[in-house]
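Let me begin by presenting the structure, written as structure tokens, before commenting on it.
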Amino acid sequence: MIRYVLRRCAYSVLIMFGVLVLTFLLFRVAAGDPAATVLGKNPSPEELENMRMQLGSDKPLFFGRWRRTEAYPGADFTGGRFLSPGMTASGRVQPEKQGLRLEPGSALLVRKNFSLREPELLLRLETDSPDLQIGGEKAILRSGKAERLLQTFPETLRIENTGNGPVTLRSIEFLRPTESLFDSQLTASFFELISFHREFPYVSFFNFGETLLTRTPIRKVLWSGMWASLMLMLPIFFGELIVGIVLAMVSAVFRGSWIDRCIMLLSVAGMSISYLALIIFCQWLFGYYLNLFPVWGWDDPRNLALPVLVGIISGTGSGVRFYRTVFLNEMNREYLRTAIAKGCSPFQVYFKHLLKNAAIPIITRASTVLPFLFTGSLLLESFFGIPGLGFRGVDALNSSDLQTLKALVILGAFLFVFINLLTDLAYAWVDPRVRPK
């Protein structure tokens, strides 16, 4: 058993590594620059630089010696784009689809945005010709990119075509050095999951930084939201489980009768009704029309009654159908006929023998729901104003808080992996015939 647990833990580490990489690619590469989201429209270059340094979005994605900077304006000239703010032209300079065309003797003048304390900067130009002089020195062309290491930072940097033919300049970017080769955004994402310190407790987990807008520690947001989600989802989970098992067992015992047909009719009806429509109808009926429950807020235990009722009604239908099928498969087994022949009471037959032998599929279905106890329900928490993780996720989505969304995705993945491990161990506990290998 110990060997099995260790092996599953090793698999879980690999799975979490894959989830972390995919989440990183989704939120870093596809979602764009988070600094621009935080600062809004028209931030100054220095504000953009400082925010990227705080968020770590100026670092290379995977590894590298250089990170982006706004000390001088960069630009992409492909597609006919002209000069960016802070750039001027001297001589004949014309935008084309392939890039910015510099005629012989013409120059691009790049004005410094702000002062940096860096010892050096790297200017990288994407071009098709070595006939470029940067700040009075010849550029070095390597694989379609001209590079020039700057150790002095003039107020205006001159990029001049010193050749006899035109030069096409596709892009220009300025970079400053990183602390190490692996000082990257991917490495920072790993250290958000586990961090090491020189002081006690030496190791900490799930340090996702701060929210983009309010700058609140995300660990604090997750911790407070998790308790609210548990207060809501635990009663729903146990209510669905108990009601579903009892109704399914009654339906299986009286299969083919009017009781069975009524239970199945209600189950199918509960599965067919939209979750959103059920929430709105229950709020109108029990909240506004009958005035039995409050429909918004978190400061009173009565606020949980209506969302718990909605959650149980919504989830019981599918549970009853699943558990009924499991019980019907078990009711034809010999061990159950033997228990009846020995004179066992109906309670012993159905709740001791039948329920025990049907425990594995029940545990399997319950394990798929357990992670949502912690991450909450998006619709329930949003419509009833419960500040759980589901509500936090919707709020982060509306405000484009990618850091919080990434933390919720990673937390959900970790819970699924951990609960799957516990589920496999629970199989061996409820059924001695199951032996993990």
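How things are named: the first chain in the structure tokens is A, the next is B, and so on; residues count from 1 in each chain; ligands count from 1 in the order shown.
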
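The residue set within 12 Å of Leu61 in chain A, counting only C-alpha atoms and dropping same-chain residues fewer than 2 places from it, reads Val21, Phe24, Leu25, Phe27, Arg28, Val29, Gly56, Ser57, Asp58, Lys59, Phe63, Gly64, Arg65, Trp66, Arg67, Arg68, Leu181, Phe182, Asp183, Ser184, Gln185, Leu186, Thr187, Ala188 and Ser189 of chain A.
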
Next, the residues of the selection above should be written as an mmCIF file, in the first residue's frame with N, CA and C atoms.
```cif
data_model
loop_
_atom_site.group_PDB
_atom_site.id
_atom_site.type_symbol
_atom_site.label_atom_id
_atom_site.label_comp_id
_atom_site.auth_asym_id
_atom_site.auth_seq_id
_atom_site.Cartn_x
_atom_site.Cartn_y
_atom_site.Cartn_z
ATOM 1 N N VAL A 21 2.182 23.892 -16.711
ATOM 2 C CA VAL A 21 2.704 24.367 -17.994
ATOM 3 C C VAL A 21 1.570 24.815 -18.910
ATOM 4 N N PHE A 24 0.145 28.022 -17.629
ATOM 5 C CA PHE A 24 1.075 29.112 -17.920
ATOM 6 C C PHE A 24 0.945 29.577 -19.369
ATOM 7 N N LEU A 25 0.900 28.618 -20.305
ATOM 8 C CA LEU A 25 0.768 28.980 -21.716
ATOM 9 C C LEU A 25 -0.553 29.684 -21.985
ATOM 10 N N PHE A 27 -2.471 31.504 -19.819
ATOM 11 C CA PHE A 27 -2.645 32.812 -19.194
ATOM 12 C C PHE A 27 -1.514 33.788 -19.509
ATOM 13 N N ARG A 28 -0.353 33.296 -19.907
ATOM 14 C CA ARG A 28 0.762 34.194 -20.203
ATOM 15 C C ARG A 28 0.873 34.498 -21.687
ATOM 16 N N VAL A 29 0.729 33.452 -22.511
ATOM 17 C CA VAL A 29 0.939 33.632 -23.938
ATOM 18 C C VAL A 29 -0.334 34.112 -24.621
ATOM 19 N N GLY A 56 6.275 40.503 -13.046
ATOM 20 C CA GLY A 56 7.197 39.562 -13.661
ATOM 21 C C GLY A 56 6.895 39.272 -15.116
ATOM 22 N N SER A 57 6.044 40.080 -15.745
ATOM 23 C CA SER A 57 5.676 39.826 -17.145
ATOM 24 C C SER A 57 6.711 40.344 -18.129
ATOM 25 N N ASP A 58 7.752 41.025 -17.640
ATOM 26 C CA ASP A 58 8.816 41.470 -18.542
ATOM 27 C C ASP A 58 9.896 40.407 -18.725
ATOM 28 N N LYS A 59 9.853 39.340 -17.946
ATOM 29 C CA LYS A 59 10.863 38.287 -18.035
ATOM 30 C C LYS A 59 10.643 37.436 -19.289
ATOM 31 N N PHE A 63 13.308 30.766 -20.713
ATOM 32 C CA PHE A 63 14.645 31.044 -20.204
ATOM 33 C C PHE A 63 15.269 32.086 -21.116
ATOM 34 N N GLY A 64 16.306 32.731 -20.630
ATOM 35 C CA GLY A 64 16.981 33.738 -21.433
ATOM 36 C C GLY A 64 17.762 34.705 -20.570
ATOM 37 N N ARG A 65 18.649 35.432 -21.226
ATOM 38 C CA ARG A 65 19.512 36.395 -20.537
ATOM 39 C C ARG A 65 18.923 37.805 -20.517
ATOM 40 N N TRP A 66 17.838 38.020 -21.285
ATOM 41 C CA TRP A 66 17.352 39.385 -21.435
ATOM 42 C C TRP A 66 15.858 39.453 -21.198
ATOM 43 N N ARG A 67 15.436 40.596 -20.657
ATOM 44 C CA ARG A 67 14.023 40.864 -20.412
ATOM 45 C C ARG A 67 13.664 42.206 -21.043
ATOM 46 N N ARG A 68 12.412 42.370 -21.409
ATOM 47 C CA ARG A 68 12.002 43.551 -22.145
ATOM 48 C C ARG A 68 12.011 44.794 -21.258
ATOM 49 N N LEU A 181 19.962 32.819 -16.130
ATOM 50 C CA LEU A 181 19.433 32.279 -17.370
ATOM 51 C C LEU A 181 18.010 31.774 -17.203
ATOM 52 N N PHE A 182 17.687 31.236 -16.021
ATOM 53 C CA PHE A 182 16.371 30.646 -15.794
ATOM 54 C C PHE A 182 15.460 31.558 -14.967
ATOM 55 N N ASP A 183 15.792 32.826 -14.931
ATOM 56 C CA ASP A 183 14.904 33.802 -14.301
ATOM 57 C C ASP A 183 13.811 34.163 -15.307
ATOM 58 N N SER A 184 12.772 33.318 -15.378
ATOM 59 C CA SER A 184 11.765 33.441 -16.420
ATOM 60 C C SER A 184 10.363 33.423 -15.804
ATOM 61 N N GLN A 185 9.374 33.651 -16.652
ATOM 62 C CA GLN A 185 7.989 33.616 -16.206
ATOM 63 C C GLN A 185 7.561 32.195 -15.828
ATOM 64 N N LEU A 186 8.061 31.189 -16.548
ATOM 65 C CA LEU A 186 7.729 29.807 -16.212
ATOM 66 C C LEU A 186 8.281 29.417 -14.851
ATOM 67 N N THR A 187 9.520 29.813 -14.558
ATOM 68 C CA THR A 187 10.105 29.530 -13.244
ATOM 69 C C THR A 187 9.310 30.211 -12.135
ATOM 70 N N ALA A 188 8.899 31.456 -12.379
ATOM 71 C CA ALA A 188 8.091 32.166 -11.382
ATOM 72 C C ALA A 188 6.767 31.449 -11.138
ATOM 73 N N SER A 189 6.187 30.841 -12.188
ATOM 74 C CA SER A 189 4.942 30.095 -12.013
ATOM 75 C C SER A 189 5.149 28.866 -11.139
#
```

**OP:** Could you give me the residues within range 109-319 of chain A that DSSP places in alpha helix (DSSP H), as a ChimeraX atom specification?
**Re:** /A:185-193,218-253,258-272,275-282,305-319

Using only C-alpha atoms, tabulate the residues of range 170-262 of chain A lying at most 9 Å from any atom of range 327-351 of chain A, each with its closest atom pair and that distance in Å to one decimal, by chain and increasing residue number, as a Markdown table.
```
| residue | atom | partner | partner_atom | distance |
| --- | --- | --- | --- | --- |
| A:Ala248 | CA | A:Phe327 | CA | 7.7 |
| A:Met249 | CA | A:Phe327 | CA | 6.7 |
| A:Ala252 | CA | A:Leu328 | CA | 5.9 |
| A:Val253 | CA | A:Leu328 | CA | 8.4 |
| A:Arg255 | CA | A:Leu328 | CA | 8.7 |
```

Output N, CA and C atoms of each residue in that selection to a file, as a PDB file, in the first residue's frame.
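Writing the result to part32.pdb gives the following:
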```
ATOM      1  N   ALA A 248     -33.298   6.376  -4.594  1.00  0.00           N
ATOM      2  CA  ALA A 248     -32.899   5.341  -5.541  1.00  0.00           C
ATOM      3  C   ALA A 248     -33.145   3.952  -4.983  1.00  0.00           C
ATOM      4  N   MET A 249     -32.903   3.773  -3.682  1.00  0.00           N
ATOM      5  CA  MET A 249     -33.135   2.465  -3.080  1.00  0.00           C
ATOM      6  C   MET A 249     -34.622   2.144  -3.024  1.00  0.00           C
ATOM      7  N   ALA A 252     -35.629   1.209  -6.505  1.00  0.00           N
ATOM      8  CA  ALA A 252     -35.148  -0.116  -6.886  1.00  0.00           C
ATOM      9  C   ALA A 252     -35.940  -1.225  -6.202  1.00  0.00           C
ATOM     10  N   VAL A 253     -36.293  -1.013  -4.931  1.00  0.00           N
ATOM     11  CA  VAL A 253     -37.047  -2.035  -4.196  1.00  0.00           C
ATOM     12  C   VAL A 253     -38.447  -2.202  -4.787  1.00  0.00           C
ATOM     13  N   ARG A 255     -39.420  -1.492  -7.877  1.00  0.00           N
ATOM     14  CA  ARG A 255     -39.268  -1.281  -9.322  1.00  0.00           C
ATOM     15  C   ARG A 255     -40.507  -1.792 -10.063  1.00  0.00           C
TER      16      ARG A 255
END
```

Original post:
Could you pull the residues within 9 Å of Met264 in chain A, counting only C-alpha atoms, minus those fewer than 6 positions along the same chain, as number ranges by chain?
Top reply: A: 248, 251, 317, 320-321

Subject >> Atom-to-atom span, CA of Glu179 in chain A and CA of Glu118 in chain A, Å >> reply: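 Computing it gives 11.6 Å between the two atoms.
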
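Between Leu20 in chain A and the residues A:Arg111, A:Arg81, A:Gly393, A:Phe190, the shortest atom-to-atom distance, using only C-alpha atoms, involves A:Phe190.
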
Subject >> Spatial neighbours of Val110 in chain A, max dist 9 Å, only C-alpha atoms, sep filter under 5 positions, as a ChimeraX atom specification >> reply: /A:72-74,86-89,155-159

Subject >> Best match for closeness to Ile236 in chain A among A:Ser44, A:Ile15, A:Lys112, A:Leu306, counting only C-alpha atoms >> reply: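 Closest candidate: A:Leu306.
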
**OP:** Please identify all polymer residues within 10 Å of Glu46 in chain A, counting only C-alpha atoms, omitting same-chain residues fewer than 6 positions from it, and present them as a count of residues only.
**Re:** 8

**OP:** Mind checking which residues fall within 8 Å of range 124-127 of chain A, counting only C-alpha atoms, ignoring those fewer than 5 positions away in the same chain, and posting them as a PyMOL selection string?
**Re:** chain A and resi 144-148+167-175

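Minimum atom-to-atom distance to Met271 in chain A, evaluated using only C-alpha atoms, belongs to A:Thr316 out of A:His353, A:Ser229, A:Thr316, A:Leu309.
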
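Residues in contact range of Phe414 in chain A, defined as at most 12 Å between only C-alpha atoms, with sequence neighbours fewer than 6 positions away removed, read A:Cys9, A:Ser12, A:Val13, A:Leu14, A:Ile15, A:Met16, A:Phe17, A:Gly18, A:Val19, A:Leu20, A:Leu193, A:Phe205, A:Phe206, A:Pro371, A:Phe372, A:Phe374, A:Thr375, A:Ala407, A:Leu408, A:Asn420, A:Leu421.
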
Take the residues just selected and output them with C-alpha atoms as a tab-separated table (two decimals), in the first residue's frame.
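File out_14.tsv, as written:
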```tsv
chain	number	residue	atom	x	y	z
A	9	CYS	CA	2.12	10.73	-5.57
A	12	SER	CA	0.40	13.33	-9.35
A	13	VAL	CA	3.52	15.51	-9.40
A	14	LEU	CA	3.88	14.88	-13.14
A	15	ILE	CA	0.22	15.68	-13.72
A	16	MET	CA	0.50	18.93	-11.77
A	17	PHE	CA	3.59	19.82	-13.77
A	18	GLY	CA	1.64	19.38	-17.00
A	19	VAL	CA	-1.29	21.40	-15.66
A	20	LEU	CA	1.05	24.17	-14.57
A	193	LEU	CA	3.13	26.56	-6.24
A	205	PHE	CA	2.67	26.52	-0.84
A	206	PHE	CA	0.30	28.27	-3.24
A	371	PRO	CA	-13.43	19.30	-5.68
A	372	PHE	CA	-16.41	21.60	-6.19
A	374	PHE	CA	-13.84	23.85	-2.24
A	375	THR	CA	-14.06	25.73	-5.53
A	407	ALA	CA	-4.76	30.40	-9.12
A	408	LEU	CA	-8.30	29.00	-9.22
A	420	ASN	CA	-8.57	10.84	-7.07
A	421	LEU	CA	-5.76	9.44	-4.93
```

Subject >> Distance criterion (only C-alpha atoms): nearest to Tyr275 in chain A out of A:Ile245, A:Val310, A:Ala305, A:Ala139 >> reply: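 Of the candidates, the smallest distance to Tyr275 in chain A is held by A:Val310.
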
Original post:
Which parts of range 103-167 of chain A does DSSP call strand (DSSP E or B) when run on the backbone here, written out as a VMD selection string?
Top reply: chain A and resid 107 to 111 121 to 127 132 to 134 137 to 138 140 to 142 145 to 150 156 to 161 167

Subject >> Between CA of Ser382 in chain A and CA of Asp395 in chain A - distance in Å to one decimal >> reply: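 Calculated distance between CA of Asp395 in chain A and CA of Ser382 in chain A is 8.8 Å.
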
**OP:** Considering only C-alpha atoms, state which residue in the set A:Ile410, A:Val430, A:Val295, A:Val250 is at the smallest distance from Leu22 in chain A.
**Re:**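 Looking at the shortest contact to Leu22 in chain A, the residue is A:Ile410.
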
Original post:
Just how far from CA of Leu48 in chain A is CA of Arg117 in chain A, in Å to one decimal?
Top reply: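 Computed distance, CA of Arg117 in chain A to CA of Leu48 in chain A, equals 16.5 Å.
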